[in-house]
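Worksheet: the structure to be examined is printed underneath.
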Amino acid sequence: MAVTVVSLSACENARTDTLIQSSQIQDDALPEPLIDIEGEAKEGEQIFDSRDAGHCVLCHQINGLDVEFQGDVGPELTGVGARLTPGQIRLRIVDYQRVQPGVTMPSYYRIHDLNQVGEEFEGQPVLTAEQIEHLVAFLSDQKG
Amino acid sequence: MIRLAACLLILLTSCSPTADVTLPDDAIATKDLQSGSAFLTEETRALQEDDFENPGLLWVERGADLFVDTSASSKSCADCHDEQLKGVAASYPQLDELSAELVNLEKRINLCRARHQDLPELTYESDDLLALTAYVANQSHGAPITVAVTEETRASYEAGEAYFYTPRGQFNLACNQCHNENWGKKLRGDTISQGHGNGFPAYRYEWQSFGSLHRRLHDCDTGVRAEPFTLGSQTYIDLEYYLAVRANGLPVESPAIRR
């Protein structure tokens, strides 16, 4: 029955406990790390590729990455570190829908205003703060 | 689950503006409609067309046997229907006048069993129900889908449409975001199709067996980490109905082969 509650919240905005606060967002960026660790690009690459983690290759492609069949629903991320600041990359992974409603990019660090979430995933974000910091490090390293 | 379905229906109707059956802005134009087989390899398409090699035909054959079977009831399906089922599947889901409910083929088959054969319902997704459904669907092979919306069925159509456009699951994605906005693009190794139901029941490599459209819908729901509905639920029948209207004009292709 818990599922029903979550479903209804999509209309009534019942669940408003967001993982990040609006005050942390500056324009289209989230400048401060989510957690006090040094993100590691190597870890980030694993998370980017792996089906059990971020699996970002479902929709994105990076030239030179050793992964077969990278998707193209999202833009190519080769050189994304030269285009976007770490803070911009962070917000796009955390909750891009917050600054660009309706975007197909899923929000990986969000639990509020979701609908019909599978029971086993309820109340949890897709990725941990630590995993996201590793991803930010990895993508910021992609200078082209 | 039934209560959940009821609650969600309320949610969906209260969230969506009541629309006319005018198609939404991002709808695929009739001239651009393409069956899922257009996104398969040449080999898979050839296999689907092959009347000896398509594995789905095993279910069609089994359905043909069940259609004339009188071992459990004094009346077989054929006693009432004979050849009259040609083209029928192309206009399903449809309103059942007696119960005033929208029914899909599977449900119609179970209603016939209860009303005319004094037989128990076949379980959704059982081989027997899939076989009979595939047999009946195959009688309409190549016929264009022709499903109308009437005053009586409008609420179902709108519920299906709302489901199609409502983001859900931990990934917060709606059907239209993949199947209207991104068809033809790659999701890893898969090419996203327009998300039509005209091939179902179908044989899927991923299942290594034959399955219903509702099983496919269940997979798309769990793919975005949403809590899926029960196969055969009214929510999925309404969605099936919306998909059929959306696919009007495409040929019935069951038993199709899919990845």
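FYI, nothing fancy with the structure tokens labels: chains A, B, ... in order, residues from 1 per chain, ligands from 1 as they appear.
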**Study point:** Distance query range 94-97 of chain A at most 10 Å, only C-alpha atoms, self and fewer than 5 positions along chain excluded, as a list in words
**Key:**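 Using only C-alpha atoms, the neighbours found are Leu19, Ile20, Asp28, Ala29, Leu30, Leu34, Gln88, Ile89, Gly102, Val103, Thr104, Met105, Pro106, Ser107, Tyr108, Tyr109, Arg110, Ile111, Pro125, Val126, Leu127, Thr128, Ala129 and Ile132 of chain A; Asn172 of chain B.
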Interface residues on chain A facing chain B, 6 Å, only C-alpha atoms, written as a list in words: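 Applying the cut-off to the listed atoms yields Thr4, Leu58, Cys59, Phe69, Gln70, Gly71, Asp72, Val73, Pro106, Asn115, Gln116, Val117 and Gly118 of chain A.
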Selection to disk with all heavy atoms, as a CSV table (one decimal), in the first residue's frame:
chain,number,residue,atom,x,y,z
A,4,THR,N,0.9,3.3,-3.1
A,4,THR,CA,-0.2,4.3,-3.4
A,4,THR,C,0.1,5.7,-2.8
A,4,THR,O,-0.1,6.7,-3.5
A,4,THR,CB,-1.5,3.8,-2.7
A,4,THR,OG1,-1.6,2.4,-3.0
A,4,THR,CG2,-2.7,4.5,-3.2
A,58,LEU,N,24.0,3.6,-21.3
A,58,LEU,CA,22.6,3.3,-21.9
A,58,LEU,C,22.2,4.4,-22.8
A,58,LEU,O,21.7,4.1,-23.9
A,58,LEU,CB,21.7,3.2,-20.7
A,58,LEU,CG,20.3,2.6,-20.9
A,58,LEU,CD1,20.4,1.1,-21.2
A,58,LEU,CD2,19.5,2.7,-19.6
A,59,CYS,N,22.5,5.6,-22.5
A,59,CYS,CA,22.1,6.8,-23.3
A,59,CYS,C,23.2,7.6,-23.8
A,59,CYS,O,23.0,8.5,-24.7
A,59,CYS,CB,21.2,7.7,-22.4
A,59,CYS,SG,19.6,6.9,-22.0
A,69,PHE,N,28.4,-0.9,-27.8
A,69,PHE,CA,27.0,-0.4,-27.9
A,69,PHE,C,26.7,0.7,-26.9
A,69,PHE,O,25.9,0.5,-26.0
A,69,PHE,CB,26.0,-1.6,-27.7
A,69,PHE,CG,26.2,-2.7,-28.6
A,69,PHE,CD1,26.4,-4.0,-28.1
A,69,PHE,CD2,26.2,-2.6,-30.0
A,69,PHE,CE1,26.6,-5.1,-28.9
A,69,PHE,CE2,26.3,-3.7,-30.8
A,69,PHE,CZ,26.5,-4.9,-30.3
A,70,GLN,N,27.3,1.8,-27.1
A,70,GLN,CA,26.9,3.0,-26.3
A,70,GLN,C,25.7,3.7,-26.9
A,70,GLN,O,25.6,3.8,-28.1
A,70,GLN,CB,28.1,3.9,-26.1
A,70,GLN,CG,29.4,3.2,-25.6
A,70,GLN,CD,30.5,4.2,-25.4
A,70,GLN,OE1,30.4,5.3,-24.9
A,70,GLN,NE2,31.7,3.8,-25.9
A,71,GLY,N,24.8,4.1,-26.0
A,71,GLY,CA,23.5,4.7,-26.5
A,71,GLY,C,23.7,6.1,-27.0
A,71,GLY,O,24.7,6.7,-26.9
A,72,ASP,N,22.6,6.6,-27.7
A,72,ASP,CA,22.6,8.0,-28.1
A,72,ASP,C,21.3,8.7,-27.9
A,72,ASP,O,21.0,9.6,-28.6
A,72,ASP,CB,23.0,8.0,-29.6
A,72,ASP,CG,22.0,7.4,-30.5
A,72,ASP,OD1,20.9,6.9,-30.0
A,72,ASP,OD2,22.2,7.4,-31.8
A,73,VAL,N,20.6,8.3,-26.8
A,73,VAL,CA,19.4,9.1,-26.4
A,73,VAL,C,19.8,10.4,-25.9
A,73,VAL,O,19.2,11.4,-26.1
A,73,VAL,CB,18.6,8.3,-25.4
A,73,VAL,CG1,17.5,9.1,-24.8
A,73,VAL,CG2,18.0,7.0,-26.0
A,106,PRO,N,17.5,11.0,-16.4
A,106,PRO,CA,16.9,10.7,-15.0
A,106,PRO,C,17.7,11.5,-14.0
A,106,PRO,O,18.8,11.9,-14.2
A,106,PRO,CB,17.2,9.2,-14.9
A,106,PRO,CG,17.4,8.7,-16.3
A,106,PRO,CD,18.0,9.8,-17.0
A,115,ASN,N,6.7,9.0,-8.7
A,115,ASN,CA,5.4,8.4,-8.8
A,115,ASN,C,5.6,6.9,-9.1
A,115,ASN,O,6.4,6.5,-9.9
A,115,ASN,CB,4.7,9.1,-10.0
A,115,ASN,CG,3.5,8.4,-10.6
A,115,ASN,OD1,2.7,7.9,-9.8
A,115,ASN,ND2,3.5,8.3,-11.9
A,116,GLN,N,4.8,6.1,-8.4
A,116,GLN,CA,4.8,4.6,-8.7
A,116,GLN,C,6.2,4.0,-8.6
A,116,GLN,O,6.5,3.1,-9.4
A,116,GLN,CB,4.2,4.4,-10.1
A,116,GLN,CG,3.5,3.1,-10.3
A,116,GLN,CD,3.0,3.0,-11.8
A,116,GLN,OE1,2.6,4.0,-12.3
A,116,GLN,NE2,3.2,1.8,-12.3
A,117,VAL,N,7.0,4.4,-7.7
A,117,VAL,CA,8.3,3.9,-7.6
A,117,VAL,C,8.3,2.4,-7.1
A,117,VAL,O,7.5,2.1,-6.2
A,117,VAL,CB,9.2,4.7,-6.6
A,117,VAL,CG1,10.5,4.1,-6.3
A,117,VAL,CG2,9.3,6.1,-7.1
A,118,GLY,N,9.1,1.6,-7.7
A,118,GLY,CA,9.1,0.2,-7.3
A,118,GLY,C,9.4,0.0,-5.9
A,118,GLY,O,10.3,0.8,-5.3
Using only C-alpha atoms, which residues sit within 9 Å of range 121-124 of chain B once same-chain residues fewer than 4 positions away are excluded, as an MDAnalysis selection string?
chainID B and resid 106:107 109:111 113:114 128:130 212 231:232
Residue with smallest distance to Gln94 in chain B - pool B:Ala155, B:Val147, B:Ser35, B:Asn248, counting only C-alpha atoms:
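Selected residue with least distance to Gln94 in chain B: B:Val147.
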- Just the strand (DSSP E or B) stuff from range 25-234 of chain B, please, per backbone DSSP, written as number ranges by chain. B: 94-96, 101-103, 144, 168, 173, 186-187, 190-191, 202-204, 209-211, 226
Ala82 in chain A environment, 12 Å, only C-alpha atoms, sequence neighbours closer than 6 positions dropped, as number ranges by chain
A: 88-89, 139-144
As a ChimeraX atom specification, please: the residues near range 51-64 of chain B (cut-off 6 Å, only C-alpha atoms, same-chain neighbours under 3 positions excluded). /B:47-48,67,131-132,134-135,203,255
**Prompt:** Between B:Thr44, B:Ser254, B:Gln34, B:Asn180, which one has atoms that come closest to Thr133 in chain B, using only C-alpha atoms?
**Reply:**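 Checking each candidate against Thr133 in chain B, we get B:Ser254 as the closest.
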If you run DSSP on the backbone, which residues of range 180-221 of chain B are helix (DSSP H, G or I), as a PyMOL selection string? chain B and resi 213-221
Those residues you just picked out, can you put them in a file as a short mmCIF file (atom, residue, chain, number, x, y, z; two decimals), in the first residue's frame with N, CA, C and O atoms?
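Below is the file result-v4.cif, written as the result:
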data_model
loop_
_atom_site.label_atom_id
_atom_site.label_comp_id
_atom_site.auth_asym_id
_atom_site.auth_seq_id
_atom_site.Cartn_x
_atom_site.Cartn_y
_atom_site.Cartn_z
N LEU B 213 1.30 -8.80 -24.60
CA LEU B 213 1.64 -7.38 -24.58
C LEU B 213 1.80 -6.88 -23.14
O LEU B 213 2.70 -6.10 -22.83
N HIS B 214 0.95 -7.38 -22.24
CA HIS B 214 1.03 -6.91 -20.85
C HIS B 214 2.36 -7.28 -20.21
O HIS B 214 2.90 -6.53 -19.39
N ARG B 215 2.91 -8.41 -20.61
CA ARG B 215 4.22 -8.78 -20.08
C ARG B 215 5.28 -7.79 -20.57
O ARG B 215 6.19 -7.42 -19.85
N ARG B 216 5.14 -7.35 -21.82
CA ARG B 216 6.07 -6.35 -22.37
C ARG B 216 5.91 -5.01 -21.63
O ARG B 216 6.88 -4.35 -21.30
N LEU B 217 4.66 -4.63 -21.34
CA LEU B 217 4.41 -3.37 -20.61
C LEU B 217 5.01 -3.45 -19.20
O LEU B 217 5.60 -2.49 -18.70
N HIS B 218 4.84 -4.60 -18.60
CA HIS B 218 5.43 -4.87 -17.29
C HIS B 218 6.94 -4.65 -17.34
O HIS B 218 7.54 -4.05 -16.45
N ASP B 219 7.59 -5.12 -18.42
CA ASP B 219 9.04 -4.96 -18.56
C ASP B 219 9.44 -3.50 -18.71
O ASP B 219 10.47 -3.07 -18.18
N CYS B 220 8.66 -2.72 -19.47
CA CYS B 220 8.99 -1.29 -19.62
C CYS B 220 8.80 -0.58 -18.29
O CYS B 220 9.59 0.29 -17.93
N ASP B 221 7.77 -0.96 -17.53
CA ASP B 221 7.58 -0.34 -16.21
C ASP B 221 8.73 -0.68 -15.27
O ASP B 221 9.28 0.20 -14.60
#
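For Cys77 in chain B, the non-local neighbours within 9 Å, defined as residues at least 6 positions apart in the same chain or in other chains and counting only C-alpha atoms, are Leu66, Phe67, Val68, Asp69, Thr70, Cys112, Arg113, His116 and Gln117 of chain B.
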task: Tell me which protein, DNA and RNA residues are within 6 Å of Ala41 in chain A, counting only C-alpha atoms, leaving out same-chain ones fewer than 6 positions away, and put them as a PyMOL selection string.
output: chain A and resi 134+137-138
Restrict the selected residues to C-alpha atoms and save them as a compact mmCIF listing (two decimals), in the first residue's frame.
# COMPACT_ATOMS: atom_id res chain seq x y z
CA HIS A 134 33.37 9.85 -8.59
CA ALA A 137 35.62 13.59 -11.29
CA PHE A 138 35.52 11.23 -14.27
Have a look at A:Leu114, A:Val136, A:Ile35, A:Val57 and name the one nearest to Arg92 in chain A; count only C-alpha atoms.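 With only C-alpha atoms as the atom set, the closest residue is A:Val136.
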